[in-house]
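Source file: start.pdb (PDB, C-alpha atoms and all ligand atoms)
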```pdb
ATOM      1  CA  MET S   1    -111.694 -52.284  72.830
ATOM      2  CA  SER S   2    -112.389 -49.599  70.254
ATOM      3  CA  GLN S   3    -109.370 -47.551  69.320
ATOM      4  CA  MET S   4    -111.343 -44.488  68.278
ATOM      5  CA  TRP S   5    -109.975 -41.320  69.911
ATOM      6  CA  THR S   6    -113.388 -40.747  71.470
ATOM      7  CA  ALA S   7    -113.184 -44.108  73.245
ATOM      8  CA  LYS S   8    -109.611 -43.471  74.364
ATOM      9  CA  LEU S   9    -110.524 -40.035  75.741
ATOM     10  CA  ARG S  10    -113.644 -41.421  77.457
ATOM     11  CA  ASN S  11    -111.722 -44.233  79.134
ATOM     12  CA  LYS S  12    -108.941 -41.929  80.280
ATOM     13  CA  TRP S  13    -111.468 -39.392  81.619
ATOM     14  CA  GLN S  14    -113.491 -42.061  83.440
ATOM     15  CA  LYS S  15    -110.357 -43.483  85.023
ATOM     16  CA  GLU S  16    -108.769 -40.203  86.092
ATOM     17  CA  LEU S  17    -111.765 -37.997  86.865
ATOM     18  CA  PRO S  18    -114.881 -40.060  87.607
ATOM     19  CA  ILE S  19    -118.030 -38.091  88.535
ATOM     20  CA  GLU S  20    -117.572 -38.948  92.251
ATOM     21  CA  LYS S  21    -114.261 -37.079  92.201
ATOM     22  CA  LEU S  22    -115.588 -34.232  90.082
ATOM     23  CA  LEU S  23    -118.559 -33.510  92.384
ATOM     24  CA  PRO S  24    -117.594 -34.745  95.869
ATOM     25  CA  ASP S  25    -119.864 -34.241  98.897
ATOM     26  CA  ASP S  26    -117.164 -34.930 101.429
ATOM     27  CA  GLN S  27    -113.627 -33.694 102.095
ATOM     28  CA  PRO S  28    -110.859 -34.843 104.474
ATOM     29  CA  ALA S  29    -110.964 -33.317 108.005
ATOM     30  CA  TYR S  30    -107.904 -31.119 107.369
ATOM     31  CA  VAL S  31    -109.845 -29.154 104.725
ATOM     32  CA  SER S  32    -111.964 -27.490 107.443
ATOM     33  CA  SER S  33    -109.850 -24.338 107.633
ATOM     34  CA  TRP S  34    -110.570 -20.851 106.281
ATOM     35  CA  ILE S  35    -107.416 -20.946 104.155
ATOM     36  CA  TYR S  36    -109.070 -23.484 101.809
ATOM     37  CA  VAL S  37    -111.909 -21.035 101.123
ATOM     38  CA  PHE S  38    -109.753 -18.593  99.171
ATOM     39  CA  GLY S  39    -109.656 -20.618  95.930
ATOM     40  CA  VAL S  40    -113.447 -20.561  95.819
ATOM     41  CA  LEU S  41    -113.538 -16.859  96.772
ATOM     42  CA  THR S  42    -111.190 -16.180  93.848
ATOM     43  CA  LEU S  43    -113.522 -18.184  91.613
ATOM     44  CA  ALA S  44    -116.604 -16.318  92.924
ATOM     45  CA  THR S  45    -115.095 -12.870  92.310
ATOM     46  CA  LEU S  46    -114.027 -14.020  88.831
ATOM     47  CA  ALA S  47    -117.655 -14.958  88.139
ATOM     48  CA  VAL S  48    -118.803 -11.460  89.185
ATOM     49  CA  ILE S  49    -116.083  -9.911  86.998
ATOM     50  CA  ILE S  50    -117.136 -11.922  83.934
ATOM     51  CA  PHE S  51    -120.853 -11.307  84.510
ATOM     52  CA  SER S  52    -120.492  -7.537  85.032
ATOM     53  CA  GLY S  53    -118.034  -7.424  82.102
ATOM     54  CA  ILE S  54    -120.602  -8.996  79.775
ATOM     55  CA  ILE S  55    -123.165  -6.352  80.820
ATOM     56  CA  LEU S  56    -120.585  -3.594  80.139
ATOM     57  CA  ALA S  57    -119.852  -5.063  76.699
ATOM     58  CA  PHE S  58    -123.528  -5.156  75.725
ATOM     59  CA  GLN S  59    -124.317  -1.643  76.973
ATOM     60  CA  GLY S  60    -121.149   0.091  75.785
ATOM     61  CA  PRO S  61    -119.140   3.066  77.106
ATOM     62  CA  ALA S  62    -121.860   5.642  76.335
ATOM     63  CA  TRP S  63    -123.843   3.853  79.065
ATOM     64  CA  TYR S  64    -121.199   2.851  81.602
ATOM     65  CA  HIS S  65    -119.393   6.203  81.571
ATOM     66  CA  ILE S  66    -122.535   8.333  81.825
ATOM     67  CA  SER S  67    -125.618   6.743  83.391
ATOM     68  CA  LYS S  68    -125.791   6.070  87.141
ATOM     69  CA  THR S  69    -126.557   2.370  86.697
ATOM     70  CA  GLY S  70    -123.778   2.148  84.118
ATOM     71  CA  LYS S  71    -121.260   3.707  86.487
ATOM     72  CA  PHE S  72    -122.410   1.318  89.199
ATOM     73  CA  VAL S  73    -121.851  -1.786  87.031
ATOM     74  CA  ASN S  74    -118.494  -0.356  85.909
ATOM     75  CA  SER S  75    -117.513   0.081  89.577
ATOM     76  CA  LEU S  76    -118.773  -3.407  90.411
ATOM     77  CA  HIS S  77    -116.488  -4.746  87.665
ATOM     78  CA  PHE S  78    -113.510  -2.698  88.903
ATOM     79  CA  TRP S  79    -113.857  -3.456  92.625
ATOM     80  CA  SER S  80    -114.455  -7.163  91.989
ATOM     81  CA  VAL S  81    -111.054  -7.152  90.291
ATOM     82  CA  GLN S  82    -109.472  -5.616  93.403
ATOM     83  CA  LEU S  83    -111.063  -8.329  95.572
ATOM     84  CA  PHE S  84    -110.125 -11.008  93.018
ATOM     85  CA  PHE S  85    -106.431 -10.075  93.347
ATOM     86  CA  VAL S  86    -106.558  -9.893  97.162
ATOM     87  CA  PHE S  87    -108.178 -13.363  97.317
ATOM     88  CA  MET S  88    -105.829 -14.801  94.682
ATOM     89  CA  VAL S  89    -102.717 -13.547  96.487
ATOM     90  CA  ILE S  90    -103.905 -15.003  99.833
ATOM     91  CA  HIS S  91    -104.764 -18.257  97.989
ATOM     92  CA  LEU S  92    -101.246 -18.279  96.494
ATOM     93  CA  TRP S  93     -99.599 -17.642  99.899
ATOM     94  CA  GLY S  94    -101.674 -20.440 101.427
ATOM     95  CA  LYS S  95    -100.713 -22.926  98.721
ATOM     96  CA  PHE S  96     -97.067 -21.797  98.839
ATOM     97  CA  TRP S  97     -96.673 -22.300 102.599
ATOM     98  CA  MET S  98     -98.375 -25.704 102.480
ATOM     99  CA  ALA S  99     -96.230 -26.683  99.445
ATOM    100  CA  ALA S 100     -99.420 -27.699  97.650
ATOM    101  CA  TRP S 101     -97.468 -28.882  94.596
ATOM    102  CA  ARG S 102     -96.558 -32.058  96.541
ATOM    103  CA  GLY S 103     -97.796 -35.455  95.373
ATOM    104  CA  ASN S 104     -97.945 -34.937  91.621
ATOM    105  CA  ARG S 105     -99.745 -31.590  91.876
ATOM    106  CA  PHE S 106     -97.298 -29.651  89.728
ATOM    107  CA  ALA S 107     -99.941 -29.021  87.030
ATOM    108  CA  THR S 108    -102.281 -27.465  89.622
ATOM    109  CA  TRP S 109     -99.562 -25.103  90.830
ATOM    110  CA  ALA S 110     -98.368 -24.306  87.299
ATOM    111  CA  THR S 111    -101.838 -23.535  85.886
ATOM    112  CA  GLY S 112    -102.396 -21.323  88.976
ATOM    113  CA  ALA S 113     -99.111 -19.487  88.439
ATOM    114  CA  VAL S 114     -99.844 -18.910  84.733
ATOM    115  CA  ALA S 115    -103.400 -17.810  85.643
ATOM    116  CA  PHE S 116    -101.812 -15.228  87.952
ATOM    117  CA  ILE S 117     -99.733 -13.834  85.076
ATOM    118  CA  ALA S 118    -102.753 -13.929  82.711
ATOM    119  CA  SER S 119    -104.789 -12.046  85.357
ATOM    120  CA  ILE S 120    -102.145  -9.312  85.522
ATOM    121  CA  ALA S 121    -102.221  -8.990  81.706
ATOM    122  CA  THR S 122    -106.026  -8.855  81.737
ATOM    123  CA  ALA S 123    -106.112  -6.239  84.509
ATOM    124  CA  PHE S 124    -103.397  -4.204  82.756
ATOM    125  CA  THR S 125    -105.329  -4.037  79.474
ATOM    126  CA  GLY S 126    -108.434  -3.236  81.546
ATOM    127  CA  TYR S 127    -106.727  -0.188  83.055
ATOM    128  CA  LEU S 128    -105.720   0.867  79.520
ATOM    129  CA  VAL S 129    -109.289   0.949  78.159
ATOM    130  CA  GLN S 130    -110.762   3.338  80.757
ATOM    131  CA  THR S 131    -110.289   6.261  78.296
ATOM    132  CA  ASN S 132    -109.461   8.663  81.125
ATOM    133  CA  PHE S 133    -106.305  10.385  82.405
ATOM    134  CA  ASP S 134    -105.355   7.239  84.331
ATOM    135  CA  SER S 135    -105.310   5.079  81.216
ATOM    136  CA  GLN S 136    -103.516   7.784  79.253
ATOM    137  CA  TRP S 137    -100.828   8.042  81.916
ATOM    138  CA  ILE S 138    -100.420   4.264  82.220
ATOM    139  CA  SER S 139    -100.187   3.678  78.459
ATOM    140  CA  PHE S 140     -97.725   6.510  77.853
ATOM    141  CA  GLU S 141     -95.459   5.253  80.643
ATOM    142  CA  ALA S 142     -95.799   1.628  79.503
ATOM    143  CA  LYS S 143     -95.169   2.267  75.789
ATOM    144  CA  ASP S 144     -91.558   3.253  76.537
ATOM    145  CA  GLY S 145     -91.060   0.044  78.471
ATOM    146  CA  PHE S 146     -92.514  -2.136  75.716
ATOM    147  CA  ASN S 147     -90.608  -0.237  73.012
ATOM    148  CA  SER S 148     -87.337  -0.688  74.893
ATOM    149  CA  VAL S 149     -87.746  -4.469  74.723
ATOM    150  CA  GLY S 150     -88.761  -4.298  71.058
ATOM    151  CA  VAL S 151     -92.403  -5.467  71.203
ATOM    152  CA  GLY S 152     -94.095  -2.055  71.061
ATOM    153  CA  ALA S 153     -95.178  -2.324  67.422
ATOM    154  CA  TRP S 154     -96.728  -5.737  67.977
ATOM    155  CA  PHE S 155     -98.249  -5.086  71.425
ATOM    156  CA  ASN S 156     -99.112  -1.386  71.196
ATOM    157  CA  VAL S 157    -100.483  -0.093  74.508
ATOM    158  CA  THR S 158    -101.582   3.190  72.902
ATOM    159  CA  ASN S 159    -103.790   1.293  70.411
ATOM    160  CA  LEU S 160    -107.148   1.414  72.177
ATOM    161  CA  GLY S 161    -108.834  -1.016  69.762
ATOM    162  CA  GLN S 162    -106.133  -3.628  70.245
ATOM    163  CA  MET S 163    -106.167  -3.263  74.040
ATOM    164  CA  LEU S 164    -109.981  -3.425  74.208
ATOM    165  CA  LEU S 165    -110.144  -6.590  72.096
ATOM    166  CA  LEU S 166    -107.381  -8.267  74.088
ATOM    167  CA  HIS S 167    -109.122  -7.255  77.328
ATOM    168  CA  VAL S 168    -112.617  -8.460  76.438
ATOM    169  CA  ALA S 169    -111.882 -11.434  74.179
ATOM    170  CA  PHE S 170    -108.430 -13.005  74.033
ATOM    171  CA  LEU S 171    -107.170 -12.648  77.616
ATOM    172  CA  PRO S 172    -110.412 -13.600  79.434
ATOM    173  CA  ALA S 173    -110.659 -16.686  77.194
ATOM    174  CA  ILE S 174    -107.127 -17.725  78.186
ATOM    175  CA  LEU S 175    -107.844 -17.035  81.869
ATOM    176  CA  GLY S 176    -111.106 -18.974  81.638
ATOM    177  CA  VAL S 177    -109.450 -22.061  80.152
ATOM    178  CA  LEU S 178    -106.618 -21.911  82.719
ATOM    179  CA  THR S 179    -109.121 -21.625  85.577
ATOM    180  CA  VAL S 180    -111.184 -24.603  84.363
ATOM    181  CA  VAL S 181    -108.073 -26.787  83.984
ATOM    182  CA  HIS S 182    -106.806 -25.580  87.392
ATOM    183  CA  VAL S 183    -109.999 -26.590  89.209
ATOM    184  CA  LEU S 184    -110.264 -29.916  87.318
ATOM    185  CA  MET S 185    -106.674 -30.680  88.401
ATOM    186  CA  VAL S 186    -107.610 -30.053  92.047
ATOM    187  CA  ARG S 187    -110.576 -32.410  91.691
ATOM    188  CA  LYS S 188    -108.504 -35.072  89.973
ATOM    189  CA  ARG S 189    -105.776 -35.192  92.631
ATOM    190  CA  GLY S 190    -107.839 -34.405  95.711
ATOM    191  CA  VAL S 191    -106.852 -31.782  98.286
ATOM    192  CA  VAL S 192    -103.209 -32.034  99.360
ATOM    193  CA  PRO S 193    -102.672 -33.389 102.932
ATOM    194  CA  PRO S 194    -100.920 -31.107 105.482
ATOM    195  CA  ILE S 195     -97.119 -31.382 105.543
ATOM    196  CA  ASP S 196     -97.034 -32.865 109.073
ATOM    197  CA  SER S 197     -99.879 -35.353 108.548
ATOM    198  CA  GLU S 198     -99.328 -39.068 109.111
ATOM    199  CA  PRO S 199     -97.481 -40.960 106.340
ATOM    200  CA  SER S 200     -99.656 -41.401 103.292
ATOM    201  CA  PRO S 201     -98.907 -42.453  99.714
ATOM    202  CA  VAL S 202     -99.031 -38.799  98.731
ATOM    203  CA  ASN S 203     -96.632 -37.689 101.454
ATOM    204  CA  GLU S 204     -94.296 -40.589 100.750
ATOM    205  CA  ALA S 205     -94.312 -39.796  97.030
ATOM    206  CA  SER S 206     -93.476 -36.182  97.644
ATOM    207  CA  LYS S 207     -90.528 -36.722  99.998
TER     208      LYS S 207
ATOM    209  CA  MET B 208    -117.714  12.702  93.680
ATOM    210  CA  THR B 209    -118.521  15.165  96.453
ATOM    211  CA  GLY B 210    -118.279  15.322 100.246
ATOM    212  CA  TRP B 211    -115.596  14.235 102.698
ATOM    213  CA  PHE B 212    -114.794  11.096 100.687
ATOM    214  CA  ALA B 213    -114.004  13.189  97.605
ATOM    215  CA  ASP B 214    -111.689  15.429  99.675
ATOM    216  CA  PHE B 215    -110.066  12.277 101.008
ATOM    217  CA  MET B 216    -109.608  10.697  97.558
ATOM    218  CA  ASN B 217    -109.028  13.547  95.085
ATOM    219  CA  HIS B 218    -105.296  14.089  95.381
ATOM    220  CA  PRO B 219    -102.193  12.219  94.219
ATOM    221  CA  ALA B 220    -101.089   9.258  96.337
ATOM    222  CA  THR B 221     -98.739   9.835  99.263
ATOM    223  CA  TYR B 222     -95.490   7.893  98.914
ATOM    224  CA  LEU B 223     -93.211   6.507 101.591
ATOM    225  CA  LYS B 224     -89.557   6.420 100.617
ATOM    226  CA  SER B 225     -86.500   4.791 102.128
ATOM    227  CA  GLY B 226     -83.504   4.670  99.789
ATOM    228  CA  TRP B 227     -84.356   2.535  96.747
ATOM    229  CA  LEU B 228     -87.614   1.402  98.335
ATOM    230  CA  GLN B 229     -90.681   3.448  97.469
ATOM    231  CA  ILE B 230     -94.310   2.506  98.092
ATOM    232  CA  SER B 231     -97.602   4.375  98.153
ATOM    233  CA  VAL B 232     -99.468   4.409 101.454
ATOM    234  CA  THR B 233    -102.453   2.821  99.634
ATOM    235  CA  ASN B 234    -100.416  -0.122  98.335
ATOM    236  CA  LEU B 235     -98.815  -0.604 101.755
ATOM    237  CA  LEU B 236    -102.263  -0.678 103.385
ATOM    238  CA  VAL B 237    -103.512  -3.259 100.842
ATOM    239  CA  ILE B 238    -100.489  -5.500 101.532
ATOM    240  CA  LEU B 239    -101.004  -5.178 105.314
ATOM    241  CA  LEU B 240    -104.710  -5.973 104.852
ATOM    242  CA  MET B 241    -103.847  -9.132 102.879
ATOM    243  CA  LEU B 242    -101.376 -10.223 105.576
ATOM    244  CA  ALA B 243    -104.048  -9.623 108.227
ATOM    245  CA  ILE B 244    -106.674 -11.675 106.348
ATOM    246  CA  PHE B 245    -104.102 -14.443 105.763
ATOM    247  CA  THR B 246    -103.298 -14.577 109.497
ATOM    248  CA  LEU B 247    -107.000 -14.642 110.407
ATOM    249  CA  ALA B 248    -107.649 -17.427 107.865
ATOM    250  CA  ILE B 249    -104.956 -19.545 109.518
ATOM    251  CA  PHE B 250    -105.982 -18.949 113.145
ATOM    252  CA  LEU B 251    -109.758 -18.417 113.178
ATOM    253  CA  PRO B 252    -111.636 -21.676 113.855
ATOM    254  CA  PHE B 253    -113.666 -22.989 110.936
ATOM    255  CA  PRO B 254    -117.369 -23.611 111.723
ATOM    256  CA  LYS B 255    -118.322 -27.273 112.150
ATOM    257  CA  ASP B 256    -120.842 -28.939 109.840
ATOM    258  CA  LYS B 257    -123.874 -29.618 112.079
ATOM    259  CA  ASN B 258    -125.476 -32.066 109.639
ATOM    260  CA  ARG B 259    -122.483 -34.329 109.790
ATOM    261  CA  HIS B 260    -122.377 -37.273 112.182
ATOM    262  CA  HIS B 261    -119.045 -38.185 113.657
ATOM    263  CA  GLU B 262    -117.186 -41.074 112.166
TER     264      GLU B 262
HETATM  265  C1  LIG S 301    -107.703 -17.473  88.508
HETATM  266  C2  LIG S 301    -107.192 -17.590  89.738
HETATM  267  C3  LIG S 301    -107.388 -18.840  90.576
HETATM  268  C4  LIG S 301    -108.558 -19.518  90.858
HETATM  269  C5  LIG S 301    -109.973 -19.163  90.386
HETATM  270  C6  LIG S 301    -108.194 -20.637  91.704
HETATM  271  C7  LIG S 301    -109.113 -21.566  92.223
HETATM  272  C8  LIG S 301    -108.783 -22.646  93.011
HETATM  273  C9  LIG S 301    -109.729 -23.503  93.721
HETATM  274  C10 LIG S 301    -111.252 -23.342  93.676
HETATM  275  C11 LIG S 301    -109.005 -24.435  94.388
HETATM  276  C12 LIG S 301    -109.544 -25.532  95.341
HETATM  277  C13 LIG S 301    -109.901 -24.939  96.693
HETATM  278  C14 LIG S 301    -108.703 -24.439  97.479
HETATM  279  O1  LIG S 301    -107.862 -25.260  97.911
HETATM  280  O2  LIG S 301    -108.604 -23.215  97.684
HETATM  281  C15 LIG S 301    -107.609 -24.218  94.096
HETATM  282  C16 LIG S 301    -106.562 -24.989  94.549
HETATM  283  C17 LIG S 301    -105.213 -24.752  94.296
HETATM  284  N1  LIG S 301    -104.670 -23.570  93.774
HETATM  285 FE1  LIG S 301    -105.746 -22.128  92.842
HETATM  286  N2  LIG S 301    -106.829 -20.622  91.914
HETATM  287  C18 LIG S 301    -106.293 -19.544  91.251
HETATM  288  C19 LIG S 301    -104.970 -19.139  91.246
HETATM  289  C20 LIG S 301    -103.913 -19.862  91.819
HETATM  290  C21 LIG S 301    -102.534 -19.416  91.918
HETATM  291  C22 LIG S 301    -102.032 -18.037  91.473
HETATM  292  C23 LIG S 301    -101.821 -20.435  92.502
HETATM  293  C24 LIG S 301    -100.329 -20.511  92.829
HETATM  294  C25 LIG S 301     -99.390 -20.214  91.964
HETATM  295  C26 LIG S 301    -102.733 -21.525  92.773
HETATM  296  C27 LIG S 301    -102.394 -22.744  93.330
HETATM  297  C28 LIG S 301    -103.284 -23.713  93.735
HETATM  298  C29 LIG S 301    -102.916 -25.035  94.188
HETATM  299  C30 LIG S 301    -101.491 -25.603  94.265
HETATM  300  C31 LIG S 301    -104.123 -25.683  94.535
HETATM  301  C32 LIG S 301    -104.306 -27.132  94.936
HETATM  302  C33 LIG S 301    -104.134 -27.455  96.344
HETATM  303  C34 LIG S 301    -104.448 -28.899  96.579
HETATM  304  O3  LIG S 301    -104.287 -29.743  95.678
HETATM  305  O4  LIG S 301    -104.849 -29.184  97.670
HETATM  306  N3  LIG S 301    -103.999 -21.129  92.365
HETATM  307  N4  LIG S 301    -107.479 -23.097  93.272
END
```

This structure in structure tokens:
Amino acid sequence: MSQMWTAKLRNKWQKELPIEKLLPDDQPAYVSSWIYVFGVLTLATLAVIIFSGIILAFQGPAWYHISKTGKFVNSLHFWSVQLFFVFMVIHLWGKFWMAAWRGNRFATWATGAVAFIASIATAFTGYLVQTNFDSQWISFEAKDGFNSVGVGAWFNVTNLGQMLLLHVAFLPAILGVLTVVHVLMVRKRGVVPPIDSEPSPVNEASK
Amino acid sequence: MTGWFADFMNHPATYLKSGWLQISVTNLLVILLMLAIFTLAIFLPFPKDKNRHHE
């Protein structure tokens, strides 16, 4: 067999995540509960956030702070974030109480947990770039906190340019990558069986 | 913003306080809403797939 890295990657990918697992048309019976819908709801709100965010970036603040349509898209972006967090927290509670890290699913849980932290950072920088009294208040409270731990010069919450670039470029890119890996991990391992389900290799392995 | 909604919104948040614990009414309502949706998601029956034949 060829030892090119392309061949190695292809073989590993085909073994661990064949197309049948990536795009299934069937799920185990225990998946028919509303609690399993919240991952996809989180994903759907994230899509609305990214889409409305791209429109905001193209049109610029002179549009989204002044025109009616602009204010609407700005609000769509903001309220999708509120829904995103509500759905993500319910998703997290669901996965926590079903101990969904069982059966070799640590990477799924860990990418989710880091995505949660990345989402908070993204939302935080988002609140800082509103250029209103809210963002002024938040940044002037936060700067003392960041200065007290010695990172204020490097991560300067009163530097609008830095916060805007982190909010629209760096942090969404990180969150995007984490989300893709997270969902691929779910596909690779399959949905975790309920804790009280009959003995299965997964349940045995996670005892 | 104008109208009753503006009157309802345009003032600083009301805070509940009990010793070291302090929370705005808005944040408390959001947490209660999340708990309510979580409970509903656990107990509401999930619709059956009609196109699926039983195995
Ligand atoms: C960007 C935010 C997130 C998105 C878009 C997302 C999306 C998803 C989706 C679509 C699924 C599969 C469907 C489901 O079971 O709900 C899933 C599963 C899962 N999520 Fe998330 N999630 C996010 C955040 C989190 C967080 C914060 C945690 C916990 C720390 C988490 C833990 C899990 C676990 C453990 C599973 C796998 C369960 C299994 O294997 O059956 N996720 N996620």

Box along x, y and z, 6 Å on every side, all listed atoms of stretch 225-244 of chain B inside: centre and edge lengths in Å to one decimal, as lines of an AutoDock Vina configuration file.
```
center_x = -95.1
center_y = -3.4
center_z = 102.5
size_x = 35.2
size_y = 28.5
size_z = 23.5
```

Report task. Return as a PyMOL selection string every polymer residue, whether protein, DNA or RNA, with at least one atom no more than 6 Å from an atom of ligand LIG 301 (chain S); count only C-alpha atoms and all ligand atoms. Result -> chain S and resi 36-40+42-43+88+92+95+100-101+108-109+112-113+115-116+179+183+186+190-192

Requested in this report: Run through the PyMOL selection byres ((chain B) within 12 of (chain S and not hetatm)) on the given coordinates and return the selected residues as a ChimeraX atom specification.
Outcome: /B:219,234,236-256,259,261-262

For the selection you just gave me, I'd like the residues written to a file as a short mmCIF file (atom, residue, chain, number, x, y, z; two decimals), in the coordinates of the input, keeping C-alpha atoms.
```cif
data_model
loop_
_atom_site.label_atom_id
_atom_site.label_comp_id
_atom_site.auth_asym_id
_atom_site.auth_seq_id
_atom_site.Cartn_x
_atom_site.Cartn_y
_atom_site.Cartn_z
CA PRO B 219 -102.19 12.22 94.22
CA ASN B 234 -100.42 -0.12 98.34
CA LEU B 236 -102.26 -0.68 103.38
CA VAL B 237 -103.51 -3.26 100.84
CA ILE B 238 -100.49 -5.50 101.53
CA LEU B 239 -101.00 -5.18 105.31
CA LEU B 240 -104.71 -5.97 104.85
CA MET B 241 -103.85 -9.13 102.88
CA LEU B 242 -101.38 -10.22 105.58
CA ALA B 243 -104.05 -9.62 108.23
CA ILE B 244 -106.67 -11.68 106.35
CA PHE B 245 -104.10 -14.44 105.76
CA THR B 246 -103.30 -14.58 109.50
CA LEU B 247 -107.00 -14.64 110.41
CA ALA B 248 -107.65 -17.43 107.86
CA ILE B 249 -104.96 -19.55 109.52
CA PHE B 250 -105.98 -18.95 113.14
CA LEU B 251 -109.76 -18.42 113.18
CA PRO B 252 -111.64 -21.68 113.86
CA PHE B 253 -113.67 -22.99 110.94
CA PRO B 254 -117.37 -23.61 111.72
CA LYS B 255 -118.32 -27.27 112.15
CA ASP B 256 -120.84 -28.94 109.84
CA ARG B 259 -122.48 -34.33 109.79
CA HIS B 261 -119.04 -38.18 113.66
CA GLU B 262 -117.19 -41.07 112.17
#
```

Query raised in the report: Quick one: of S:Val157, S:Ala107, S:Ala29, S:Ala142, who's nearest to S:His182, counting all atoms listed in the file?
Result: S:Ala107

Query raised in the report: By how many Å are atom CA of S:Ile138 and atom CA of S:Ala123 apart?
Result: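 Distance reported for this atom pair: 12.2 Å.
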
Requested in this report: Would you work out the distance separating atom CA of S:Lys188 from atom CA of S:Arg102, expressed in Å to one decimal?
Outcome: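 Distance reported for this atom pair: 14.0 Å.
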
Report task. Give me, please, the distance in Å between atom CA of B:Asn217 and atom CA of S:Phe72, quoted to one decimal. Result ->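 Atom-to-atom, atom CA of B:Asn217 to atom CA of S:Phe72, that is 19.1 Å.
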
Report task. Please provide the set of residues having any atom within 12 Å of S:Leu17, restricted to all atoms listed in the file, with same-chain residues fewer than 5 positions apart removed, written as an NGL selection string. Result -> :S and (9-12 or 22-24 or 183-190)

Could N, CA, C and O atoms be built for stretch 210-222 of chain B and written out as an mmCIF file, in the coordinates of the input?
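Done, and the output landed in selection29.cif:
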```
data_model
loop_
_atom_site.group_PDB
_atom_site.id
_atom_site.type_symbol
_atom_site.label_atom_id
_atom_site.label_comp_id
_atom_site.auth_asym_id
_atom_site.auth_seq_id
_atom_site.Cartn_x
_atom_site.Cartn_y
_atom_site.Cartn_z
ATOM 1 N N GLY B 210 -118.286 15.653 98.824
ATOM 2 C CA GLY B 210 -118.279 15.322 100.246
ATOM 3 C C GLY B 210 -116.901 14.980 100.780
ATOM 4 O O GLY B 210 -115.894 15.125 100.080
ATOM 5 N N TRP B 211 -116.873 14.490 102.024
ATOM 6 C CA TRP B 211 -115.596 14.235 102.698
ATOM 7 C C TRP B 211 -114.793 13.165 101.969
ATOM 8 O O TRP B 211 -113.558 13.212 101.920
ATOM 9 N N PHE B 212 -115.500 12.191 101.351
ATOM 10 C CA PHE B 212 -114.794 11.096 100.687
ATOM 11 C C PHE B 212 -114.019 11.610 99.472
ATOM 12 O O PHE B 212 -112.901 11.188 99.218
ATOM 13 N N ALA B 213 -114.667 12.588 98.755
ATOM 14 C CA ALA B 213 -114.004 13.189 97.605
ATOM 15 C C ALA B 213 -112.747 13.935 98.052
ATOM 16 O O ALA B 213 -111.681 13.811 97.438
ATOM 17 N N ASP B 214 -112.858 14.707 99.160
ATOM 18 C CA ASP B 214 -111.689 15.429 99.675
ATOM 19 C C ASP B 214 -110.578 14.455 100.053
ATOM 20 O O ASP B 214 -109.398 14.722 99.874
ATOM 21 N N PHE B 215 -111.012 13.286 100.569
ATOM 22 C CA PHE B 215 -110.066 12.277 101.008
ATOM 23 C C PHE B 215 -109.372 11.634 99.814
ATOM 24 O O PHE B 215 -108.178 11.308 99.854
ATOM 25 N N MET B 216 -110.125 11.443 98.703
ATOM 26 C CA MET B 216 -109.608 10.697 97.558
ATOM 27 C C MET B 216 -108.916 11.565 96.501
ATOM 28 O O MET B 216 -107.972 11.116 95.857
ATOM 29 N N ASN B 217 -109.432 12.794 96.276
ATOM 30 C CA ASN B 217 -109.028 13.547 95.085
ATOM 31 C C ASN B 217 -107.689 14.274 95.218
ATOM 32 O O ASN B 217 -107.618 15.486 95.129
ATOM 33 N N HIS B 218 -106.640 13.514 95.433
ATOM 34 C CA HIS B 218 -105.296 14.089 95.381
ATOM 35 C C HIS B 218 -104.320 12.964 95.075
ATOM 36 O O HIS B 218 -104.660 11.792 95.281
ATOM 37 N N PRO B 219 -103.145 13.280 94.560
ATOM 38 C CA PRO B 219 -102.193 12.219 94.219
ATOM 39 C C PRO B 219 -101.818 11.407 95.453
ATOM 40 O O PRO B 219 -101.890 11.900 96.580
ATOM 41 N N ALA B 220 -101.436 10.151 95.239
ATOM 42 C CA ALA B 220 -101.089 9.258 96.337
ATOM 43 C C ALA B 220 -99.891 9.787 97.121
ATOM 44 O O ALA B 220 -99.005 10.432 96.573
ATOM 45 N N THR B 221 -99.894 9.516 98.429
ATOM 46 C CA THR B 221 -98.739 9.835 99.263
ATOM 47 C C THR B 221 -97.762 8.667 99.201
ATOM 48 O O THR B 221 -98.183 7.507 99.311
ATOM 49 N N TYR B 222 -96.489 8.953 99.017
ATOM 50 C CA TYR B 222 -95.490 7.893 98.914
ATOM 51 C C TYR B 222 -94.559 7.876 100.116
ATOM 52 O O TYR B 222 -94.173 8.923 100.628
#
```
